[in-house]
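This is data.csv. It holds CSV, C-alpha atoms.
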chain,number,residue,atom,x,y,z
K,323,MET,CA,-143.7,6.4,99.9
K,324,ASN,CA,-145.5,4.0,102.1
K,325,PHE,CA,-145.5,5.7,105.5
K,326,CYS,CA,-145.9,9.3,106.7
K,327,PRO,CA,-142.5,10.9,107.4
K,328,ALA,CA,-144.2,13.1,110.0
K,329,CYS,CA,-146.2,10.6,112.1
K,330,GLY,CA,-145.2,7.1,110.8
K,331,LYS,CA,-148.7,5.9,109.9
K,332,SER,CA,-149.7,4.7,106.4
K,333,VAL,CA,-150.2,7.0,103.5
K,334,SER,CA,-152.6,6.8,100.5
K,335,SER,CA,-152.4,8.4,97.1
K,336,LYS,CA,-155.3,10.7,96.6
K,337,ILE,CA,-156.1,14.1,95.1
K,338,PRO,CA,-156.5,16.6,97.9
K,339,ASP,CA,-159.4,19.1,97.9
K,340,GLY,CA,-158.5,22.1,95.6
K,341,ASP,CA,-155.6,20.2,94.0
K,342,HIS,CA,-155.4,18.6,90.6
K,343,LEU,CA,-152.8,15.8,91.0
K,344,PRO,CA,-152.6,12.8,93.3
K,345,ARG,CA,-150.4,13.2,96.3
K,346,PHE,CA,-149.4,10.9,99.2
K,347,VAL,CA,-151.7,11.9,102.1
K,348,CYS,CA,-151.3,10.5,105.6
K,349,ASP,CA,-154.3,8.4,106.6
K,350,ALA,CA,-153.8,9.5,110.3
K,351,CYS,CA,-152.5,13.1,110.4
K,352,ALA,CA,-153.7,14.1,106.9
K,353,THR,CA,-150.3,15.7,106.0
K,354,ILE,CA,-149.9,16.1,102.3
K,355,HIS,CA,-146.5,15.0,101.0
K,356,TYR,CA,-145.5,16.8,97.8
K,357,GLU,CA,-142.8,15.4,95.5
K,358,ASN,CA,-141.1,17.8,93.1
K,359,PRO,CA,-138.4,17.7,90.5
K,360,ARG,CA,-134.7,17.9,91.5
K,361,VAL,CA,-132.0,20.1,90.0
K,362,ILE,CA,-128.9,18.5,88.5
K,363,ALA,CA,-126.2,21.2,88.5
K,364,GLY,CA,-123.2,20.9,86.1
K,365,CYS,CA,-120.5,22.8,84.3
K,366,ILE,CA,-118.2,22.5,81.3
K,367,PRO,CA,-114.7,23.4,82.5
K,368,ASP,CA,-112.5,24.9,79.8
K,369,TRP,CA,-108.7,25.0,79.8
K,370,GLU,CA,-107.2,26.8,76.8
K,371,GLY,CA,-110.0,25.5,74.6
K,372,LYS,CA,-109.9,21.9,75.9
K,373,LEU,CA,-112.8,20.6,77.9
K,374,LEU,CA,-112.7,18.6,81.1
K,375,LEU,CA,-114.6,15.3,81.0
K,376,CYS,CA,-115.0,12.5,83.6
K,377,ARG,CA,-115.6,8.8,82.9
K,378,ARG,CA,-118.2,7.6,85.3
K,379,ALA,CA,-117.3,5.1,88.0
K,380,ILE,CA,-120.9,4.8,89.2
K,381,GLU,CA,-124.3,3.9,87.7
K,382,PRO,CA,-126.2,5.0,85.8
K,383,ARG,CA,-124.0,4.9,82.7
K,384,ARG,CA,-120.9,3.6,84.4
K,385,GLY,CA,-117.9,3.8,82.0
K,386,PHE,CA,-119.4,6.6,79.9
K,387,TRP,CA,-118.1,10.2,79.8
K,388,THR,CA,-119.8,13.3,81.2
K,389,VAL,CA,-119.1,16.8,82.4
K,390,PRO,CA,-119.0,17.2,86.2
K,391,ALA,CA,-122.7,17.3,87.4
K,392,GLY,CA,-124.8,16.1,90.3
K,393,PHE,CA,-127.8,16.8,92.6
K,394,MET,CA,-128.0,20.4,94.0
K,395,GLU,CA,-128.1,20.4,97.8
K,396,ASN,CA,-130.1,22.4,100.2
K,397,GLY,CA,-128.2,25.5,101.3
K,398,GLU,CA,-126.3,26.1,98.1
K,399,ALA,CA,-126.7,28.0,94.8
K,400,VAL,CA,-127.0,26.2,91.5
K,401,GLN,CA,-123.7,27.7,90.5
K,402,ASP,CA,-122.0,26.6,93.7
K,403,ALA,CA,-123.4,23.1,93.3
K,404,ALA,CA,-121.9,22.9,89.8
K,405,ALA,CA,-118.5,24.0,91.1
K,406,ARG,CA,-118.7,21.5,94.0
K,407,GLU,CA,-119.4,18.7,91.6
K,408,ALA,CA,-116.3,19.6,89.6
K,409,GLN,CA,-114.3,19.5,92.8
K,410,GLU,CA,-115.8,16.2,93.9
K,411,GLU,CA,-115.7,14.3,90.5
K,412,ALA,CA,-112.5,15.8,89.0
K,413,LEU,CA,-110.7,17.5,92.0
K,414,ALA,CA,-111.0,20.5,89.7
K,415,ASP,CA,-111.0,24.2,90.7
K,416,VAL,CA,-113.4,26.1,88.4
K,417,GLU,CA,-114.9,29.5,88.1
K,418,ILE,CA,-118.5,29.3,86.9
K,419,GLY,CA,-119.5,31.4,83.9
K,420,SER,CA,-122.7,31.8,81.9
K,421,LEU,CA,-125.6,29.5,81.6
K,422,VAL,CA,-125.2,27.2,78.5
K,423,ALA,CA,-128.2,24.8,78.9
K,424,MET,CA,-131.3,24.1,80.9
K,425,VAL,CA,-132.8,20.8,80.1
K,426,ASN,CA,-136.1,19.4,81.4
K,427,VAL,CA,-135.7,15.6,81.8
K,428,ILE,CA,-139.4,15.1,82.2
K,429,ARG,CA,-139.6,11.4,83.1
K,430,ALA,CA,-136.7,11.5,85.5
K,431,HIS,CA,-138.3,14.5,87.4
K,432,GLN,CA,-135.1,16.4,86.9
K,433,VAL,CA,-134.0,19.8,85.6
K,434,HIS,CA,-130.4,19.8,84.3
K,435,ILE,CA,-128.7,23.2,84.6
K,436,ILE,CA,-125.3,23.5,83.0
K,437,PHE,CA,-122.9,26.4,83.0
K,438,ARG,CA,-119.8,27.4,81.2
K,439,ALA,CA,-116.7,27.3,83.5
K,440,ARG,CA,-113.1,28.2,83.5
K,441,LEU,CA,-110.7,25.6,84.8
K,442,LYS,CA,-108.4,27.6,87.1
K,443,ASN,CA,-105.4,25.3,86.8
K,444,THR,CA,-104.5,21.8,85.6
K,445,ASP,CA,-104.2,20.3,89.1
K,446,PHE,CA,-107.2,18.1,88.5
K,447,GLY,CA,-107.5,14.4,89.3
K,448,VAL,CA,-109.8,11.4,89.5
K,449,GLY,CA,-112.5,11.8,92.2
K,450,PRO,CA,-114.1,8.7,93.8
K,451,GLU,CA,-117.1,8.8,91.4
K,452,SER,CA,-114.8,8.8,88.3
K,453,LEU,CA,-112.7,6.2,86.6
K,454,GLU,CA,-110.7,8.7,84.5
K,455,VAL,CA,-110.6,12.5,84.0
K,456,GLY,CA,-109.1,14.3,81.0
K,457,LEU,CA,-109.0,17.4,78.8
K,458,PHE,CA,-110.4,17.0,75.3
K,459,ASP,CA,-110.1,19.0,72.1
K,460,GLU,CA,-113.4,19.4,70.2
K,461,ARG,CA,-112.2,16.8,67.6
K,462,ASP,CA,-111.5,14.3,70.4
K,463,ILE,CA,-114.8,14.4,72.3
K,464,PRO,CA,-116.0,10.8,72.5
K,465,TRP,CA,-119.5,11.5,71.3
K,466,PRO,CA,-120.8,7.9,71.2
K,467,GLU,CA,-119.6,7.5,74.7
K,468,ILE,CA,-121.2,10.6,76.3
K,469,ALA,CA,-123.3,9.4,79.2
K,470,PHE,CA,-126.4,11.6,79.0
K,471,LEU,CA,-128.5,13.3,76.2
K,472,SER,CA,-128.6,16.5,78.3
K,473,VAL,CA,-124.8,16.6,78.4
K,474,GLU,CA,-124.4,15.9,74.7
K,475,PHE,CA,-126.9,18.8,74.0
K,476,ALA,CA,-124.9,21.2,76.3
K,477,LEU,CA,-121.6,20.2,74.7
K,478,ARG,CA,-122.8,20.6,71.1
K,479,ARG,CA,-124.4,24.0,71.8
K,480,TYR,CA,-121.2,25.0,73.6
K,481,PHE,CA,-119.1,24.4,70.5
K,482,ASP,CA,-121.7,26.0,68.2
K,483,ASP,CA,-121.5,29.1,70.3
K,484,ARG,CA,-117.8,29.1,70.5
K,485,HIS,CA,-117.6,29.0,66.7
K,486,GLU,CA,-120.0,31.9,66.5
K,487,LYS,CA,-118.1,33.8,69.3
K,488,ARG,CA,-121.2,34.1,71.5
K,489,GLN,CA,-122.5,32.7,74.7
K,490,LEU,CA,-126.2,31.8,74.5
K,491,ALA,CA,-128.5,29.9,76.9
K,492,HIS,CA,-130.1,26.9,75.3
K,493,PHE,CA,-133.3,25.1,76.4
K,494,ARG,CA,-134.6,21.6,75.6
K,495,ASP,CA,-137.1,19.1,76.9
K,496,ILE,CA,-136.1,15.4,76.9
K,497,ASP,CA,-139.0,13.0,77.3
K,498,TRP,CA,-140.1,9.5,76.4
K,499,LYS,CA,-143.6,8.7,75.1
K,500,ASP,CA,-144.7,5.2,74.2
K,501,GLY,CA,-141.1,4.1,74.5
K,502,GLU,CA,-139.9,6.7,71.9
K,503,LEU,CA,-137.6,9.6,72.7
K,504,VAL,CA,-139.2,13.0,72.3
K,505,LEU,CA,-137.0,16.1,72.1
K,506,ARG,CA,-138.4,19.6,72.2
K,507,ASP,CA,-136.2,22.7,71.7
K,508,ARG,CA,-137.5,25.9,73.3
T,790,MET,CA,-138.8,13.9,109.0
T,791,ASN,CA,-139.4,11.6,111.9
T,792,PHE,CA,-140.2,8.3,110.3
T,793,CYS,CA,-138.9,6.4,107.3
T,794,PRO,CA,-141.3,6.8,104.3
T,795,ALA,CA,-140.2,3.4,103.0
T,796,CYS,CA,-140.7,1.2,106.1
T,797,GLY,CA,-142.3,3.4,108.8
T,798,LYS,CA,-139.6,3.0,111.5
T,799,SER,CA,-137.7,5.9,113.1
T,800,VAL,CA,-135.0,7.9,111.3
T,801,SER,CA,-131.9,9.6,112.7
T,802,SER,CA,-129.9,12.5,111.2
T,803,LYS,CA,-126.4,11.3,110.4
T,804,ILE,CA,-123.6,11.6,107.8
T,805,PRO,CA,-123.6,8.5,105.7
T,806,ASP,CA,-120.2,6.8,104.8
T,807,GLY,CA,-118.7,8.7,101.9
T,808,ASP,CA,-121.0,11.6,102.2
T,809,HIS,CA,-120.3,15.1,103.7
T,810,LEU,CA,-123.7,16.3,104.9
T,811,PRO,CA,-126.2,15.0,107.5
T,812,ARG,CA,-129.1,13.0,106.0
T,813,PHE,CA,-132.1,11.4,107.5
T,814,VAL,CA,-131.2,7.7,107.6
T,815,CYS,CA,-133.7,4.9,108.6
T,816,ASP,CA,-132.7,3.2,111.9
T,817,ALA,CA,-134.3,-0.1,110.6
T,818,CYS,CA,-133.8,-0.4,106.8
T,819,ALA,CA,-130.9,2.1,106.5
T,820,THR,CA,-132.5,3.9,103.5
T,821,ILE,CA,-131.0,7.4,103.1
T,822,HIS,CA,-133.6,10.1,102.5
T,823,TYR,CA,-132.2,13.1,100.6
T,824,GLU,CA,-133.8,16.5,100.7
T,825,ASN,CA,-133.1,18.9,97.8
T,826,PRO,CA,-134.1,22.4,96.7
T,827,ARG,CA,-137.3,22.9,94.9
T,828,VAL,CA,-137.9,24.9,91.7
T,829,ILE,CA,-140.4,27.8,91.7
T,830,ALA,CA,-141.4,28.6,88.1
T,831,GLY,CA,-142.8,31.9,87.1
T,832,CYS,CA,-143.4,34.3,84.3
T,833,ILE,CA,-143.9,38.0,83.5
T,834,PRO,CA,-146.9,38.2,81.2
T,835,ASP,CA,-146.7,41.2,78.9
T,836,TRP,CA,-149.7,42.7,77.0
T,837,GLU,CA,-148.8,45.7,74.8
T,838,GLY,CA,-146.1,46.8,77.3
T,839,LYS,CA,-148.2,46.3,80.4
T,840,LEU,CA,-147.4,43.5,82.9
T,841,LEU,CA,-149.8,41.2,84.5
T,842,LEU,CA,-149.5,41.1,88.3
T,843,CYS,CA,-151.6,39.1,90.9
T,844,ARG,CA,-152.3,40.2,94.5
T,845,ARG,CA,-151.8,37.2,96.7
T,846,ALA,CA,-154.8,35.6,98.5
T,847,ILE,CA,-152.6,33.2,100.4
T,848,GLU,CA,-149.7,33.2,102.8
T,849,PRO,CA,-146.8,33.9,102.6
T,850,ARG,CA,-147.2,37.6,101.8
T,851,ARG,CA,-151.0,37.7,101.5
T,852,GLY,CA,-152.1,41.0,100.1
T,853,PHE,CA,-148.9,41.7,98.3
T,854,TRP,CA,-148.3,41.7,94.5
T,855,THR,CA,-146.4,39.1,92.5
T,856,VAL,CA,-146.0,37.6,89.0
T,857,PRO,CA,-147.6,34.2,88.5
T,858,ALA,CA,-145.3,31.6,90.0
T,859,GLY,CA,-145.3,28.4,92.0
T,860,PHE,CA,-143.8,25.0,92.7
T,861,MET,CA,-142.8,23.0,89.6
T,862,GLU,CA,-144.4,19.6,89.5
T,863,ASN,CA,-143.1,16.2,88.6
T,864,GLY,CA,-143.8,15.4,84.9
T,865,GLU,CA,-143.6,19.0,83.6
T,866,ALA,CA,-141.0,21.4,82.1
T,867,VAL,CA,-140.1,24.5,84.0
T,868,GLN,CA,-141.6,26.6,81.2
T,869,ASP,CA,-144.9,24.6,81.3
T,870,ALA,CA,-145.0,25.0,85.1
T,871,ALA,CA,-144.7,28.8,84.6
T,872,ALA,CA,-147.5,28.8,82.1
T,873,ARG,CA,-149.7,26.6,84.3
T,874,GLU,CA,-149.2,29.0,87.2
T,875,ALA,CA,-150.3,31.9,85.0
T,876,GLN,CA,-153.4,29.9,84.2
T,877,GLU,CA,-154.1,29.0,87.8
T,878,GLU,CA,-153.4,32.3,89.5
T,879,ALA,CA,-154.7,34.7,86.8
T,880,LEU,CA,-156.7,32.5,84.4
T,881,ALA,CA,-154.2,33.8,81.9
T,882,ASP,CA,-153.2,32.2,78.6
T,883,VAL,CA,-149.5,32.9,78.0
T,884,GLU,CA,-146.7,32.0,75.6
T,885,ILE,CA,-143.4,31.6,77.5
T,886,GLY,CA,-140.4,33.4,76.1
T,887,SER,CA,-136.8,33.8,77.2
T,888,LEU,CA,-135.3,33.4,80.7
T,889,VAL,CA,-135.2,36.7,82.6
T,890,ALA,CA,-134.0,35.6,86.1
T,891,MET,CA,-132.7,32.6,88.0
T,892,VAL,CA,-132.5,33.4,91.7
T,893,ASN,CA,-131.1,31.1,94.4
T,894,VAL,CA,-133.1,31.6,97.5
T,895,ILE,CA,-130.6,29.8,99.7
T,896,ARG,CA,-132.3,29.6,103.1
T,897,ALA,CA,-135.7,28.7,101.6
T,898,HIS,CA,-134.1,25.8,99.6
T,899,GLN,CA,-135.6,27.2,96.4
T,900,VAL,CA,-134.5,28.2,92.9
T,901,HIS,CA,-136.8,30.8,91.4
T,902,ILE,CA,-136.8,30.5,87.5
T,903,ILE,CA,-138.7,33.3,85.8
T,904,PHE,CA,-139.4,33.8,82.1
T,905,ARG,CA,-140.6,36.5,79.9
T,906,ALA,CA,-144.1,35.8,78.5
T,907,ARG,CA,-146.6,37.1,76.1
T,908,LEU,CA,-150.2,37.4,77.3
T,909,LYS,CA,-152.2,36.0,74.4
T,910,ASN,CA,-155.4,37.9,75.1
T,911,THR,CA,-156.9,39.9,77.9
T,912,ASP,CA,-159.4,37.3,79.0
T,913,PHE,CA,-157.6,36.9,82.3
T,914,GLY,CA,-159.3,36.8,85.7
T,915,VAL,CA,-158.9,36.2,89.4
T,916,GLY,CA,-157.7,32.7,90.3
T,917,PRO,CA,-158.4,31.1,93.7
T,918,GLU,CA,-155.0,32.0,95.1
T,919,SER,CA,-155.4,35.7,94.0
T,920,LEU,CA,-157.4,38.6,95.5
T,921,GLU,CA,-157.0,40.8,92.4
T,922,VAL,CA,-155.2,40.6,89.0
T,923,GLY,CA,-154.3,43.5,86.8
T,924,LEU,CA,-152.2,45.0,84.0
T,925,PHE,CA,-149.6,47.6,85.1
T,926,ASP,CA,-147.6,50.1,83.2
T,927,GLU,CA,-144.0,50.4,84.4
T,928,ARG,CA,-144.8,53.7,86.2
T,929,ASP,CA,-147.7,52.0,88.1
T,930,ILE,CA,-145.9,48.9,89.4
T,931,PRO,CA,-146.5,48.9,93.2
T,932,TRP,CA,-142.9,48.4,94.1
T,933,PRO,CA,-143.3,48.6,97.9
T,934,GLU,CA,-146.0,46.0,97.7
T,935,ILE,CA,-144.1,43.4,95.6
T,936,ALA,CA,-144.3,40.2,97.6
T,937,PHE,CA,-140.8,38.7,97.0
T,938,LEU,CA,-137.3,40.0,96.5
T,939,SER,CA,-136.8,37.5,93.6
T,940,VAL,CA,-139.8,38.9,91.8
T,941,GLU,CA,-138.7,42.5,92.3
T,942,PHE,CA,-135.3,41.5,90.9
T,943,ALA,CA,-136.9,39.9,87.9
T,944,LEU,CA,-139.2,42.9,87.2
T,945,ARG,CA,-136.4,45.5,87.6
T,946,ARG,CA,-134.1,43.6,85.2
T,947,TYR,CA,-137.0,43.1,82.8
T,948,PHE,CA,-137.5,46.8,82.5
T,949,ASP,CA,-133.8,47.5,82.3
T,950,ASP,CA,-133.6,45.1,79.4
T,951,ARG,CA,-136.7,46.6,77.7
T,952,HIS,CA,-135.2,50.0,77.8
T,953,GLU,CA,-132.0,48.7,76.3
T,954,LYS,CA,-133.9,46.6,73.7
T,955,ARG,CA,-132.3,43.4,74.8
T,956,GLN,CA,-133.3,40.2,76.6
T,957,LEU,CA,-130.6,39.0,79.0
T,958,ALA,CA,-130.8,36.3,81.7
T,959,HIS,CA,-130.0,37.6,85.2
T,960,PHE,CA,-128.6,35.6,88.1
T,961,ARG,CA,-128.7,36.5,91.8
T,962,ASP,CA,-128.4,34.7,95.2
T,963,ILE,CA,-130.6,35.8,98.1
T,964,ASP,CA,-129.6,34.7,101.5
T,965,TRP,CA,-129.7,35.8,105.1
T,966,LYS,CA,-126.7,35.6,107.4
T,967,ASP,CA,-126.9,36.6,111.1
T,968,GLY,CA,-130.3,38.1,110.4
T,969,GLU,CA,-129.0,40.3,107.6
T,970,LEU,CA,-130.0,40.1,104.0
T,971,VAL,CA,-127.1,39.1,101.7
T,972,LEU,CA,-127.5,39.6,97.9
T,973,ARG,CA,-125.0,38.3,95.4
T,974,ASP,CA,-125.2,39.0,91.7
T,975,ARG,CA,-123.6,36.5,89.4
Before we go any further, please render this structure as structure tokens.
Amino acid sequence: MNFCPACGKSVSSKIPDGDHLPRFVCDACATIHYENPRVIAGCIPDWEGKLLLCRRAIEPRRGFWTVPAGFMENGEAVQDAAAREAQEEALADVEIGSLVAMVNVIRAHQVHIIFRARLKNTDFGVGPESLEVGLFDERDIPWPEIAFLSVEFALRRYFDDRHEKRQLAHFRDIDWKDGELVLRDR
Amino acid sequence: MNFCPACGKSVSSKIPDGDHLPRFVCDACATIHYENPRVIAGCIPDWEGKLLLCRRAIEPRRGFWTVPAGFMENGEAVQDAAAREAQEEALADVEIGSLVAMVNVIRAHQVHIIFRARLKNTDFGVGPESLEVGLFDERDIPWPEIAFLSVEFALRRYFDDRHEKRQLAHFRDIDWKDGELVLRDR
């Protein structure tokens, strides 16, 4: 941020009175501009035990596989955002189920919230952000080609729970410190 | 938003190519500025069965009671944000537990994520955003003076679960349509 979205004058990074973190503050109108993490909403669509995955047509991680997921929008619920992403990325009609994973991706300023889902029919297809979409048995999941650590975490816990015939919610932090990956389960 | 935070020129609200919602787009540099929901992180601190509540010293809902909660910041986990808010609003040292409620507050562009918590000791106090802080038995909860519907939802489900000796996660949407409150449980 270089300029104040309210008045168009320059901003400076400073710690406002009574605050504890630096914020962008307008040099002219003194408006404080907060920046906050964003929610990535996703789901794991299941069709008779097979899971729907999409191969990404866009960066980051073009060519890698993921579950449908993307930025939650103003005016929608997390669950509806997850269903919308399934529609957009895989032309898939899903019914959102229970929470499977909430992952804090600290350095990216993101919270990934991923639900179980039921694929309502097999009339899915390849959305504009995907190269390929398919249904995978557990033994066929392309683990080394999964795009994101949060998605791998959600998928592995999904299968663990399925084997145990339960549906738990799982929590993890993903961070990088001094160039090293740091995972913390909660 | 009136001006581009990147270059300082004027912005217009328009639907970018390939998008489906209006965004603020810079008239000069064409940068698209997305706006997304924000996460409110909170917790229900428990001390020997009594719950810690704070009476708000700030708007909105000044004078009403709530659990510690506030905007999640960049660089932290939802759980750490919830613990930080307990420290700031009630000078309370808590250990965050399981998820009790995730509430989509649609019109406010917020997701409220509230955890169970254990108050580690009774050395709490009145933070700068609180008028009063106290421990309440279930029968003494000031229900008509609870500040937010999301907090009332979380507290009621908390007690339901305690009676049933379980810890579930509960999901609800809160919205307003044509001036009427619309609740949807998930």
Quick one: contact table of chain K to chain T, 6 Å max, nearest atom pair and distance in Å to one decimal per residue, counting only C-alpha atoms, chain and number order, as a tab-separated table?
residue	atom	partner	partner_atom	distance
K:Met323	CA	T:Pro794	CA	5.0
K:Asn324	CA	T:Ala795	CA	5.4
K:Phe325	CA	T:Pro794	CA	4.5
K:Cys326	CA	T:Pro794	CA	5.8
K:Pro327	CA	T:Phe792	CA	4.5
K:Ala328	CA	T:Asn791	CA	5.4
K:Gly330	CA	T:Gly797	CA	5.1
K:Asn358	CA	T:Asn863	CA	5.2
K:Pro359	CA	T:Asn863	CA	5.3
K:Glu395	CA	T:Asn825	CA	5.2
K:Asn396	CA	T:Asn825	CA	5.2
K:Gly397	CA	T:Ile895	CA	5.2
K:Glu398	CA	T:Ile895	CA	5.9
K:Ala399	CA	T:Asn893	CA	5.4
K:Asn426	CA	T:Ala866	CA	5.3
K:Ile428	CA	T:Gly864	CA	5.2
K:His431	CA	T:Asn863	CA	5.2
Inset, instruction - Kindly indicate which residue among T:Gly838, T:His901, T:Phe942, T:Ile829 lies nearest to Glu874 of chain T, using all atoms listed in the file for the distances. - result: T:Ile829
Inset, instruction - Please return, as number ranges by chain, all polymer residues that have at least one atom within 7 Å of the point (-142.7, 38.2, 100.2); use all atoms listed in the file and the file's own coordinate frame. - result: T: 849-850, 936-938
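For the pair atom CA of Leu453 of chain K and atom CA of Ala819 of chain T, the separation is 27.3 Å.
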Legend entry - atom CA of Glu921 of chain T to atom CA of Glu941 of chain T, distance in Å rounded to a single decimal: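 Between these atoms lies a distance of 18.4 Å.
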Legend entry - Expected residue set, 8 Å radius at (-155.6, 39.9, 97.1), all atoms listed in the file, as a ChimeraX atom specification: /T:843-846,851-854,919-921
Legend entry - Length of the atom CA of Val416 of chain K to atom CA of Lys487 of chain K vector [Å]: 21.1 Å
Inset, instruction - Compare K:Asp341, K:Asp349, K:Asp368, K:Asp483 by their minimum atom-to-atom distance to Thr444 of chain K, counting only C-alpha atoms, and give me the closest one. - result: K:Asp368
Legend entry - Residue among T:Arg955, T:Lys909, T:Ser801, T:Gly916 lying closest to Ile847 of chain T, counting only C-alpha atoms: T:Gly916
Inset, instruction - For each of K:Leu505, K:Ile463, K:Leu375, K:Cys365, take the minimum atom-to-atom distance to Ala476 of chain K, counting all atoms listed in the file, then give the residue where this is smallest. - result: K:Cys365
Inset, instruction - Find, counting all atoms listed in the file, the residue in T:Ile833, T:Leu840, T:Asp882, T:Asp869 that gets nearest to Pro931 of chain T. - result: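 Smallest separation from Pro931 of chain T among the options: T:Leu840.
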